[in-house]
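Structure file work29.cif (mmCIF, C-alpha atoms and all ligand atoms) is printed below.
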data_data
loop_
_atom_site.label_atom_id
_atom_site.label_comp_id
_atom_site.auth_asym_id
_atom_site.auth_seq_id
_atom_site.Cartn_x
_atom_site.Cartn_y
_atom_site.Cartn_z
CA MET I 5 24.19 -10.69 58.57
CA SER I 6 27.67 -11.32 59.84
CA ILE I 7 30.62 -9.62 61.48
CA THR I 8 32.28 -7.03 59.24
CA ILE I 9 36.07 -7.13 58.92
CA LYS I 10 37.51 -3.65 58.54
CA SER I 11 40.11 -2.93 55.85
CA ALA I 12 43.17 -0.73 56.48
CA GLU I 13 41.23 2.21 55.04
CA ASP I 14 38.17 1.42 57.17
CA ILE I 15 40.41 1.31 60.24
CA GLU I 16 41.71 4.82 59.48
CA GLY I 17 38.10 6.02 59.35
CA MET I 18 37.33 4.29 62.65
CA ARG I 19 40.44 5.72 64.33
CA LEU I 20 39.27 9.24 63.54
CA ALA I 21 35.66 8.64 64.65
CA CYS I 22 36.80 7.03 67.88
CA ARG I 23 39.35 9.73 68.76
CA LEU I 24 36.72 12.40 68.17
CA ALA I 25 34.21 10.53 70.35
CA SER I 26 36.81 10.48 73.13
CA GLU I 27 37.57 14.18 72.62
CA VAL I 28 33.90 15.01 73.21
CA LEU I 29 34.30 13.48 76.68
CA ASP I 30 37.51 15.53 77.18
CA TYR I 31 35.62 18.68 76.18
CA ILE I 32 32.84 18.23 78.73
CA THR I 33 35.07 17.00 81.57
CA PRO I 34 36.06 20.37 83.13
CA HIS I 35 32.39 21.37 83.31
CA ILE I 36 31.13 18.31 85.16
CA LYS I 37 30.84 19.47 88.76
CA PRO I 38 28.11 20.08 91.35
CA GLY I 39 25.30 22.28 90.00
CA ILE I 40 25.58 21.44 86.30
CA THR I 41 22.51 19.81 84.79
CA THR I 42 22.72 16.83 82.48
CA LYS I 43 20.97 18.95 79.82
CA GLU I 44 23.88 21.40 80.03
CA ILE I 45 26.30 18.48 79.56
CA ASP I 46 24.27 17.48 76.51
CA ARG I 47 24.48 21.02 75.13
CA LEU I 48 28.26 21.06 75.60
CA GLY I 49 28.54 17.69 73.86
CA ALA I 50 26.50 18.95 70.91
CA GLU I 51 28.63 22.13 70.78
CA CYS I 52 31.82 20.07 70.62
CA MET I 53 30.43 17.80 67.89
CA ALA I 54 29.43 20.86 65.84
CA GLN I 55 32.99 22.21 66.14
CA GLN I 56 34.39 18.81 65.09
CA GLY I 57 32.04 18.48 62.14
CA THR I 58 30.68 15.21 63.55
CA ILE I 59 27.07 14.41 64.30
CA SER I 60 25.59 12.58 67.25
CA ALA I 61 24.56 8.99 66.59
CA THR I 62 21.98 9.11 69.34
CA VAL I 63 19.76 12.06 68.30
CA GLY I 64 16.68 10.49 66.76
CA TYR I 65 18.10 6.98 67.12
CA GLN I 66 15.13 4.63 67.09
CA PRO I 67 15.61 0.88 67.32
CA PRO I 68 12.44 -1.20 66.82
CA GLY I 69 10.05 -0.75 69.75
CA TYR I 70 11.69 2.45 71.05
CA PRO I 71 10.73 6.10 70.72
CA PRO I 72 13.36 8.28 68.97
CA TYR I 73 16.18 9.08 71.44
CA PRO I 74 15.94 12.81 72.15
CA ALA I 75 19.52 13.91 72.99
CA SER I 76 23.11 14.13 71.74
CA LEU I 77 24.47 11.82 74.45
CA CYS I 78 23.33 9.68 77.38
CA THR I 79 23.70 10.71 81.04
CA SER I 80 23.09 7.92 83.54
CA VAL I 81 23.13 9.10 87.17
CA ASN I 82 23.54 6.87 90.29
CA HIS I 83 21.08 3.95 90.01
CA VAL I 84 20.47 4.64 86.30
CA VAL I 85 22.18 1.78 84.45
CA CYS I 86 22.17 3.21 80.92
CA HIS I 87 20.34 5.35 78.35
CA GLY I 88 19.58 8.15 80.84
CA ILE I 89 18.06 11.15 79.04
CA PRO I 90 19.59 14.53 79.94
CA ASN I 91 17.28 16.65 82.10
CA ASP I 92 17.13 19.88 84.11
CA LYS I 93 18.05 18.45 87.51
CA PRO I 94 21.41 19.78 88.77
CA LEU I 95 24.02 17.18 89.71
CA LYS I 96 24.92 17.30 93.38
CA LYS I 97 27.95 16.41 95.47
CA GLY I 98 28.18 12.62 95.84
CA ASP I 99 26.43 11.74 92.55
CA ILE I 100 28.11 9.49 89.99
CA VAL I 101 27.27 9.89 86.32
CA ASN I 102 28.11 7.97 83.17
CA VAL I 103 28.30 10.07 80.00
CA ASP I 104 28.07 7.97 76.82
CA VAL I 105 28.99 9.64 73.51
CA THR I 106 28.70 8.22 70.00
CA VAL I 107 29.67 10.37 67.02
CA ILE I 108 29.43 9.86 63.27
CA THR I 109 32.12 11.37 61.04
CA LYS I 110 31.64 12.91 57.60
CA ASP I 111 32.74 9.59 56.11
CA GLY I 112 30.04 7.75 58.03
CA TRP I 113 32.15 5.99 60.66
CA TYR I 114 30.87 5.61 64.24
CA GLY I 115 32.96 5.96 67.43
CA ASP I 116 31.34 5.00 70.75
CA ASN I 117 32.66 5.49 74.29
CA SER I 118 31.69 6.40 77.81
CA ARG I 119 33.28 7.40 81.09
CA MET I 120 32.18 7.79 84.70
CA PHE I 121 32.37 11.12 86.48
CA LEU I 122 32.37 11.61 90.25
CA ILE I 123 30.55 14.78 91.33
CA GLY I 124 32.51 16.44 94.15
CA GLU I 125 33.43 14.23 97.07
CA CYS I 126 31.75 10.82 96.72
CA SER I 127 31.29 7.90 99.08
CA ILE I 128 34.01 5.27 99.25
CA ALA I 129 31.45 2.80 97.86
CA ALA I 130 30.73 4.99 94.82
CA LYS I 131 34.42 5.61 94.08
CA ARG I 132 35.15 1.90 94.42
CA LEU I 133 32.30 0.93 92.07
CA SER I 134 33.47 3.37 89.39
CA ALA I 135 37.16 2.41 89.70
CA LEU I 136 36.51 -1.32 89.69
CA THR I 137 34.12 -1.05 86.73
CA PHE I 138 36.92 0.71 84.82
CA GLU I 139 39.25 -2.16 85.72
CA ALA I 140 36.58 -4.69 84.73
CA MET I 141 36.39 -3.13 81.26
CA TRP I 142 40.18 -3.38 80.94
CA HIS I 143 40.19 -7.00 82.12
CA GLY I 144 37.91 -7.62 79.13
CA ILE I 145 40.02 -5.55 76.71
CA VAL I 146 43.27 -7.40 77.48
CA GLN I 147 41.63 -10.68 76.43
CA VAL I 148 41.31 -9.38 72.86
CA LYS I 149 43.58 -11.10 70.34
CA PRO I 150 43.15 -13.31 67.30
CA GLY I 151 42.10 -16.81 68.33
CA ALA I 152 40.55 -15.69 71.62
CA ARG I 153 36.77 -15.91 71.84
CA LEU I 154 34.03 -13.53 72.90
CA GLY I 155 33.36 -15.77 75.91
CA ASP I 156 36.89 -15.04 77.17
CA ILE I 157 36.04 -11.33 77.34
CA GLY I 158 32.75 -11.87 79.15
CA HIS I 159 34.28 -14.33 81.56
CA ALA I 160 37.17 -12.03 82.52
CA ILE I 161 34.77 -9.17 83.25
CA GLN I 162 32.29 -11.31 85.19
CA LYS I 163 34.96 -13.03 87.28
CA PHE I 164 36.56 -9.72 88.27
CA ALA I 165 33.28 -7.92 89.00
CA GLU I 166 31.65 -10.75 90.93
CA GLY I 167 34.94 -11.39 92.76
CA HIS I 168 34.55 -7.91 94.23
CA GLY I 169 30.95 -8.54 95.26
CA PHE I 170 29.35 -6.67 92.36
CA SER I 171 26.96 -7.96 89.70
CA VAL I 172 27.00 -7.76 85.90
CA VAL I 173 23.98 -6.48 83.97
CA ARG I 174 22.89 -9.10 81.41
CA GLU I 175 20.28 -7.24 79.38
CA PHE I 176 22.70 -4.92 77.56
CA CYS I 177 25.99 -5.74 75.91
CA GLY I 178 28.82 -4.42 73.79
CA HIS I 179 28.44 -4.53 70.03
CA GLY I 180 30.18 -4.51 66.70
CA ILE I 181 30.46 -1.01 65.28
CA GLY I 182 31.52 0.56 61.98
CA LYS I 183 29.32 2.34 59.47
CA LYS I 184 26.42 1.28 61.68
CA PHE I 185 25.89 2.04 65.38
CA HIS I 186 25.13 -1.52 66.46
CA GLU I 187 26.50 -4.37 64.34
CA GLU I 188 27.22 -8.00 65.06
CA PRO I 189 28.58 -9.44 67.25
CA GLN I 190 26.96 -8.97 70.64
CA VAL I 191 29.70 -8.69 73.26
CA LEU I 192 28.33 -10.09 76.52
CA HIS I 193 29.98 -8.99 79.76
CA TYR I 194 29.61 -12.42 81.32
CA GLY I 195 30.30 -15.90 80.00
CA LYS I 196 32.52 -18.93 79.77
CA PRO I 197 36.11 -19.07 78.49
CA GLY I 198 36.58 -20.67 75.08
CA THR I 199 32.98 -20.15 74.00
CA LEU I 200 31.26 -18.04 71.32
CA GLU I 201 32.77 -16.33 68.26
CA GLU I 202 36.51 -16.49 67.60
CA LEU I 203 38.19 -13.09 67.23
CA VAL I 204 39.77 -12.23 63.88
CA PRO I 205 41.96 -9.23 62.95
CA GLY I 206 39.87 -6.35 61.62
CA MET I 207 36.88 -6.91 63.89
CA VAL I 208 35.86 -3.78 65.79
CA PHE I 209 33.49 -3.86 68.75
CA THR I 210 32.74 -2.09 72.01
CA ILE I 211 33.36 -3.40 75.50
CA GLU I 212 31.04 -1.56 77.88
CA PRO I 213 30.27 -3.40 81.11
CA MET I 214 27.43 -2.17 83.30
CA ILE I 215 28.23 -3.21 86.87
CA ASN I 216 25.83 -2.90 89.81
CA ALA I 217 26.78 -2.52 93.47
CA GLY I 218 23.77 -4.66 94.37
CA ARG I 219 21.74 -7.19 92.40
CA ARG I 220 22.07 -7.49 88.62
CA GLU I 221 18.38 -7.11 87.75
CA VAL I 222 17.26 -3.97 85.94
CA LYS I 223 13.91 -2.44 85.04
CA ASP I 224 12.55 0.29 82.83
CA PHE I 225 12.36 3.57 84.64
CA GLY I 226 8.93 3.66 83.13
CA ASN I 227 7.92 6.92 81.56
CA ASP I 228 10.36 7.74 78.76
CA GLY I 229 10.89 4.48 76.89
CA TRP I 230 14.68 4.61 77.36
CA THR I 231 15.96 5.00 80.93
CA ILE I 232 17.06 1.74 82.58
CA VAL I 233 17.54 1.57 86.37
CA THR I 234 18.62 -1.06 88.89
CA LYS I 235 15.64 -2.96 90.30
CA ASP I 236 17.03 -2.75 93.86
CA HIS I 237 17.95 0.94 93.43
CA SER I 238 21.65 0.17 93.99
CA LEU I 239 24.35 2.24 92.28
CA SER I 240 25.42 1.25 88.77
CA ALA I 241 28.56 2.17 86.81
CA GLN I 242 29.71 1.77 83.20
CA TRP I 243 32.80 2.48 81.10
CA GLU I 244 33.05 1.92 77.36
CA HIS I 245 35.78 1.72 74.74
CA THR I 246 35.71 0.79 71.06
CA VAL I 247 38.38 -1.85 70.39
CA LEU I 248 40.02 -3.20 67.20
CA VAL I 249 41.33 -6.77 66.96
CA THR I 250 44.88 -6.45 65.55
CA PRO I 251 47.09 -9.25 64.14
CA THR I 252 48.80 -9.49 67.53
CA GLY I 253 46.19 -8.35 70.05
CA TYR I 254 44.09 -5.22 70.47
CA GLU I 255 44.06 -1.52 69.76
CA VAL I 256 41.86 0.67 71.93
CA MET I 257 40.50 3.21 69.45
CA THR I 258 38.59 5.60 71.72
CA LEU I 259 41.59 7.35 73.26
CA SER I 260 42.54 11.01 73.51
CA ALA I 261 44.54 13.40 75.68
CA GLY I 262 41.96 13.20 78.48
CA SER I 263 41.63 9.42 78.67
CA PRO I 264 42.20 8.22 82.23
CA PRO I 265 45.47 6.44 83.10
CA LEU I 266 45.63 2.69 82.51
CA PRO I 267 45.10 0.29 85.40
CA PRO I 268 48.35 -1.17 86.76
CA PHE I 269 47.89 -4.58 85.13
CA VAL I 270 47.65 -3.05 81.61
CA THR I 271 50.89 -2.35 79.79
CA ALA I 272 49.69 -0.80 76.53
CA THR I 273 46.67 0.68 74.75
CA ALA I 274 47.68 -1.25 71.61
CA THR I 275 49.48 -4.58 71.37
N1 LIG N 1 25.95 4.58 73.21
C1 LIG N 1 25.11 3.49 73.66
C2 LIG N 1 25.93 2.23 73.45
O1 LIG N 1 26.97 2.17 73.99
C3 LIG N 1 23.81 3.43 72.98
C4 LIG N 1 22.95 4.58 73.29
S1 LIG N 1 21.52 4.49 72.36
C5 LIG N 1 20.66 5.83 72.86
O2 LIG N 1 25.64 1.34 72.72
F1 LIG N 1 19.75 5.98 72.01
F2 LIG N 1 20.22 5.59 74.10
F3 LIG N 1 21.42 6.89 72.90
CO CO N 2 28.17 1.04 72.71
CO CO N 3 28.02 4.02 74.08
#

Can you dump the structure from the file as structure tokens?
Ligand code: MF3
Ligand code: CO
Ligand code: CO
Amino acid sequence: MSITIKSAEDIEGMRLACRLASEVLDYITPHIKPGITTKEIDRLGAECMAQQGTISATVGYQPPGYPPYPASLCTSVNHVVCHGIPNDKPLKKGDIVNVDVTVITKDGWYGDNSRMFLIGECSIAAKRLSALTFEAMWHGIVQVKPGARLGDIGHAIQKFAEGHGFSVVREFCGHGIGKKFHEEPQVLHYGKPGTLEELVPGMVFTIEPMINAGRREVKDFGNDGWTIVTKDHSLSAQWEHTVLVTPTGYEVMTLSAGSPPLPPFVTATAT
């Protein structure tokens, strides 16, 4: 197996899948407030995908060694790092939640993205973790250009996150994406500049750092085969975009009307 290089036509397919994945997050956004359950968020996500004519990549998704994933999206609350399964517990003021959406279009292209949501008024620490994790993702994205290497992305994210006293989860990474959910390469969110695979125009992969307020270690929540939590119970945040390597830099593909504003150090969503 190797890294697929997308053609101009493939890229058109990916642009649509990625915009629709982002629009699912736009659709659920006004509903995410104290009292909503993560199951209700899941239902809204499924409703939006049905209207779009997309299908969820996560329903029934079953990598080796896992049970089939049972929902249309992932909802990871507070100390849940990733792969949280929607449930009947209402969100309450002060919670932070990552919603991760991956859709498949009629043509078979996958678009994958996630955002953080703050439930009502949150602690300064929670707001800071979410905001700085968003910036960490963008510090990785702006590294993307032909000739740069995957290690440049990981290093930029790690340096920024650890420089603010946070830690980077090592067990999960970004990934190539296309007509499959998880393709090569693995995109680590830590690393050394100038190392690993060189980036080439037409590569498409996700950048999706999971950043912990406390220690980086994670553990299985235990009973569902999916949910991952911080070992020290500290808060964890994650943001995710799907990114194309262009001849001159990057194009962030998972954008839509509701995408949050760019951090100050970023000048463009495509270069
Ligand atoms: N969307 C996640 C990612 O960014 C993967 C979720 S797999 C699931 O790669 F089965 F947990 F939904
Ligand atoms: Co992903
Ligand atoms: Co995702």

Residues of chain I at most 9 Å from ligand CO 3 (chain N): nearest atom pair and distance in Å, only C-alpha atoms and all ligand atoms, as a Markdown table:
| residue | atom | partner | partner_atom | distance |
| --- | --- | --- | --- | --- |
| I:Leu77 | CA | N:CO3 | CO | 8.6 |
| I:Cys78 | CA | N:CO3 | CO | 8.1 |
| I:His87 | CA | N:CO3 | CO | 8.9 |
| I:Val103 | CA | N:CO3 | CO | 8.5 |
| I:Asp104 | CA | N:CO3 | CO | 4.8 |
| I:Val105 | CA | N:CO3 | CO | 5.7 |
| I:Thr106 | CA | N:CO3 | CO | 5.9 |
| I:Gly115 | CA | N:CO3 | CO | 8.5 |
| I:Asp116 | CA | N:CO3 | CO | 4.8 |
| I:Asn117 | CA | N:CO3 | CO | 4.9 |
| I:Ser118 | CA | N:CO3 | CO | 5.7 |
| I:Gly178 | CA | N:CO3 | CO | 8.5 |
| I:Thr210 | CA | N:CO3 | CO | 8.0 |
| I:Glu212 | CA | N:CO3 | CO | 7.4 |
| I:Trp243 | CA | N:CO3 | CO | 8.6 |
| I:Glu244 | CA | N:CO3 | CO | 6.4 |
| I:His245 | CA | N:CO3 | CO | 8.1 |
| I:Thr246 | CA | N:CO3 | CO | 8.9 |

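Within 12 Å of the file-frame point (16.2, -0.2, 94.5), and using only C-alpha atoms, the polymer residues found are Asn82, His83, Val84, Val85, Asn216, Ala217, Gly218, Arg219, Arg220, Glu221, Val222, Lys223, Phe225, Val233, Thr234, Lys235, Asp236, His237, Ser238, Leu239 and Ser240 of chain I.
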
Any idea what the distance is between atom CO of ligand CO 2 (chain N) and atom CA of His179 of chain I?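 Spanning atom CO of ligand CO 2 (chain N) to atom CA of His179 of chain I is a straight-line distance of 6.2 Å.
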
Starting from 4 Å padding per side, set up an axis-aligned box that covers all listed atoms of segment 225-235 of chain I and hand over centre and edge lengths in Å, one decimal, as AutoDock Vina command-line options.
--center_x 13.3 --center_y 2.4 --center_z 83.6 --size_x 18.7 --size_y 18.7 --size_z 21.4

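Counting all atoms listed in the file and comparing I:Ala272, I:Ile108, I:Ala241, I:Ser260, the residue that lies closest to Met120 of chain I is I:Ala241.
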
Need the shell around segment 133-140 of chain I: protein/DNA/RNA residues with any atom at most 7 Å away, counting only C-alpha atoms. Skip same-chain ones fewer than 2 positions apart. Format as a ChimeraX atom specification? /I:120,129-131,142-144,161,164-165,215,217,241-243,267

Atomic distance atom CA of Tyr70 of chain I - atom CA of Leu29 of chain I, expressed in Å with one decimal: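 It comes out at 25.8 Å.
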
Coordinates-based distance that separates atom CA of Ala21 of chain I from atom CA of Val63 of chain I (Å, one decimal): 16.7 Å

Point (29.5, 11.0, 65.7) neighbourhood (12 Å, all atoms listed in the file) written as a PyMOL selection string: chain I and resi 17-18+20-28+49-50+52-63+76-77+104-117+182-185
